[in-house]
Amino acid sequence: MDKFAVIDTETTWGDAVMSIGIVIADSVSFEPVDKKYYILTPYKHHGGMFTDALYLHNLKPDLECSREQAIADLKQLLARHNITTMFAYNATFDLQHLPELRALEWYDIMKLAAYRQYNPAIPHNADCFKTGRLKRGYGVESIYRLLSNDHSYYELHNALTDAVDELTIMRLLNHELVKYHCTKIG
């Protein structure tokens, strides 16, 4: 596998997907090679916690369309890049909201990022369970700050920028993709 994908979704108050961000990355360098941003109609009008982030910093979607059109385009993107593996932070959430992508192999970035044995940036005095998982503070924002030492970082809750940030977490963790096999879901 020479490329993989990282995906993020944002949902409405009614739990419908209103936006999807996806980044295709090189499996060695973890650098982005392609990305797409979808805003789904009519769901963008339904409101959600992060509706204000849909067009953040004048970010324009590649497609503003129905869910069916977005999924069809997304599948074409994945096929064009020969993508069979999908990564997400708290991947169960995204997989539940995108059952059309169930045929892919899904992996959860959080399952490495939140564990002391996989994340050397977790301080020795951090409050962890016996398994090594942080008891709290293991969301994207906290982990990104910890790994990057950028304490001014804030998660924007825009599906595309969040997918890029989740890829950055993977790069900062500095694990080869094979290390994520223990995080497979679905």
# chains A, B, ... in the order shown; residues from 1 in each chain; ligands from 1

call {"tool": "closest_atom_pairs", "arguments": {"of": "region 77-162 of chain A", "to": "region 41-50 of chain A", "cutoff": "12 Å", "atoms": "only C-alpha atoms", "output": "JSON lines"}}
result
{"residue": "A:Glu155", "atom": "CA", "partner": "A:Phe50", "partner_atom": "CA", "distance": 11.1}
{"residue": "A:Leu156", "atom": "CA", "partner": "A:Phe50", "partner_atom": "CA", "distance": 8.7}
{"residue": "A:His157", "atom": "CA", "partner": "A:Phe50", "partner_atom": "CA", "distance": 6.2}
{"residue": "A:Asn158", "atom": "CA", "partner": "A:Phe50", "partner_atom": "CA", "distance": 7.4}
{"residue": "A:Ala159", "atom": "CA", "partner": "A:Phe50", "partner_atom": "CA", "distance": 9.7}
{"residue": "A:Asp162", "atom": "CA", "partner": "A:Phe50", "partner_atom": "CA", "distance": 12.0}

call {"tool": "residues_around", "arguments": {"residues": "Ser19 (chain A)", "least_positions_apart": "2", "cutoff": "12 Å", "atoms": "only C-alpha atoms", "output": "ChimeraX atom specification"}}
result
/A:7-12,15-17,21-22,36-48,50-55,60-67,70-71,94,97-98,157-163

call {"tool": "write_last_selection", "arguments": {"atoms": "C-alpha atoms", "output": "tab-separated table (two decimals), in the first residue's frame"}}
result
chain	number	residue	atom	x	y	z
A	7	ILE	CA	-11.31	11.18	7.05
A	8	ASP	CA	-13.37	13.38	9.34
A	9	THR	CA	-17.07	14.20	9.46
A	10	GLU	CA	-19.10	16.92	11.10
A	11	THR	CA	-22.73	16.29	11.99
A	12	THR	CA	-25.93	18.22	12.59
A	15	ASP	CA	-26.79	13.44	13.88
A	16	ALA	CA	-26.79	13.66	10.06
A	17	VAL	CA	-23.48	14.18	8.26
A	21	GLY	CA	-13.11	16.06	4.78
A	22	ILE	CA	-10.64	13.54	3.41
A	36	LYS	CA	-11.32	16.86	-0.83
A	37	TYR	CA	-13.97	18.68	1.12
A	38	TYR	CA	-17.69	18.00	0.80
A	39	ILE	CA	-20.60	19.97	2.24
A	40	LEU	CA	-23.84	18.01	2.13
A	41	THR	CA	-27.18	19.50	1.22
A	42	PRO	CA	-29.72	19.92	2.64
A	43	TYR	CA	-28.01	18.98	5.93
A	44	LYS	CA	-25.82	22.08	6.03
A	45	HIS	CA	-29.03	24.02	6.75
A	46	HIS	CA	-30.09	21.79	9.67
A	47	GLY	CA	-27.64	23.31	12.12
A	48	GLY	CA	-25.12	21.69	14.35
A	50	PHE	CA	-19.97	23.37	14.31
A	51	THR	CA	-22.12	24.78	11.51
A	52	ASP	CA	-20.11	28.02	11.70
A	53	ALA	CA	-16.97	26.09	10.70
A	54	LEU	CA	-18.35	24.84	7.37
A	55	TYR	CA	-16.90	27.79	5.43
A	60	LYS	CA	-14.77	26.43	-0.25
A	61	PRO	CA	-15.92	22.84	-0.68
A	62	ASP	CA	-14.83	20.83	-3.68
A	63	LEU	CA	-18.46	19.75	-3.90
A	64	GLU	CA	-21.58	21.07	-2.25
A	65	CYS	CA	-24.08	18.37	-3.08
A	66	SER	CA	-26.30	15.54	-1.88
A	67	ARG	CA	-24.91	12.77	0.28
A	70	ALA	CA	-20.56	13.15	-2.28
A	71	ILE	CA	-20.17	9.43	-1.52
A	94	ASP	CA	-16.98	8.24	11.37
A	97	HIS	CA	-21.85	7.84	9.95
A	98	LEU	CA	-20.41	6.58	6.65
A	157	HIS	CA	-14.08	21.50	13.81
A	158	ASN	CA	-14.07	21.83	10.04
A	159	ALA	CA	-14.06	18.35	8.49
A	160	LEU	CA	-11.18	19.06	6.10
A	161	THR	CA	-8.90	20.93	8.50
A	162	ASP	CA	-9.58	18.30	11.17
A	163	ALA	CA	-8.64	15.47	8.76

call {"tool": "residues_around", "arguments": {"residues": "region 1-5 of chain A", "least_positions_apart": "5", "cutoff": "8 Å", "atoms": "only C-alpha atoms", "output": "PyMOL selection string"}}
result
chain A and resi 22-28+81-87

call {"tool": "select_by_dssp", "arguments": {"residues": "chain A", "states": "strand (DSSP E or B)", "output": "PyMOL selection string"}}
result
chain A and resi 3-11+17-26+32-40+63-65+85-88+105-108+115+128+133-134+184-185

call {"tool": "select_by_dssp", "arguments": {"residues": "region 49-164 of chain A", "states": "alpha helix (DSSP H)", "output": "count of residues only"}}
result
40

call {"tool": "closest_residue", "arguments": {"among": "A:Asn58, A:Asn90, A:Asn119, A:Asn125", "to": "Leu173 (chain A)", "atoms": "only C-alpha atoms"}}
result
A:Asn119

call {"tool": "atom_distance", "arguments": {"atom1": "CA of Phe129 (chain A)", "atom2": "CA of Val164 (chain A)"}}
result
28.9 Å

call {"tool": "closest_residue", "arguments": {"among": "A:Ile20, A:Val6, A:Val33, A:Thr131", "to": "Asp73 (chain A)", "atoms": "only C-alpha atoms"}}
result
A:Ile20

call {"tool": "atom_distance", "arguments": {"atom1": "CA of Gln96 (chain A)", "atom2": "CA of Tyr118 (chain A)"}}
result
25.5 Å

call {"tool": "closest_residue", "arguments": {"among": "A:Gly186, A:Gly14, A:Pro32, A:Gly132", "to": "Gln117 (chain A)", "atoms": "only C-alpha atoms"}}
result
A:Gly132

call {"tool": "residues_around", "arguments": {"residues": "Ser148 (chain A)", "least_positions_apart": "4", "cutoff": "10 Å", "atoms": "only C-alpha atoms", "output": "JSON, numbers by chain"}}
result
{"A": [121, 143, 144, 153, 168, 169, 172, 173]}

call {"tool": "residues_around", "arguments": {"residues": "Pro123 (chain A)", "least_positions_apart": "6", "cutoff": "12 Å", "atoms": "only C-alpha atoms", "output": "PyMOL selection string"}}
result
chain A and resi 114-117+132-134+143+146-147
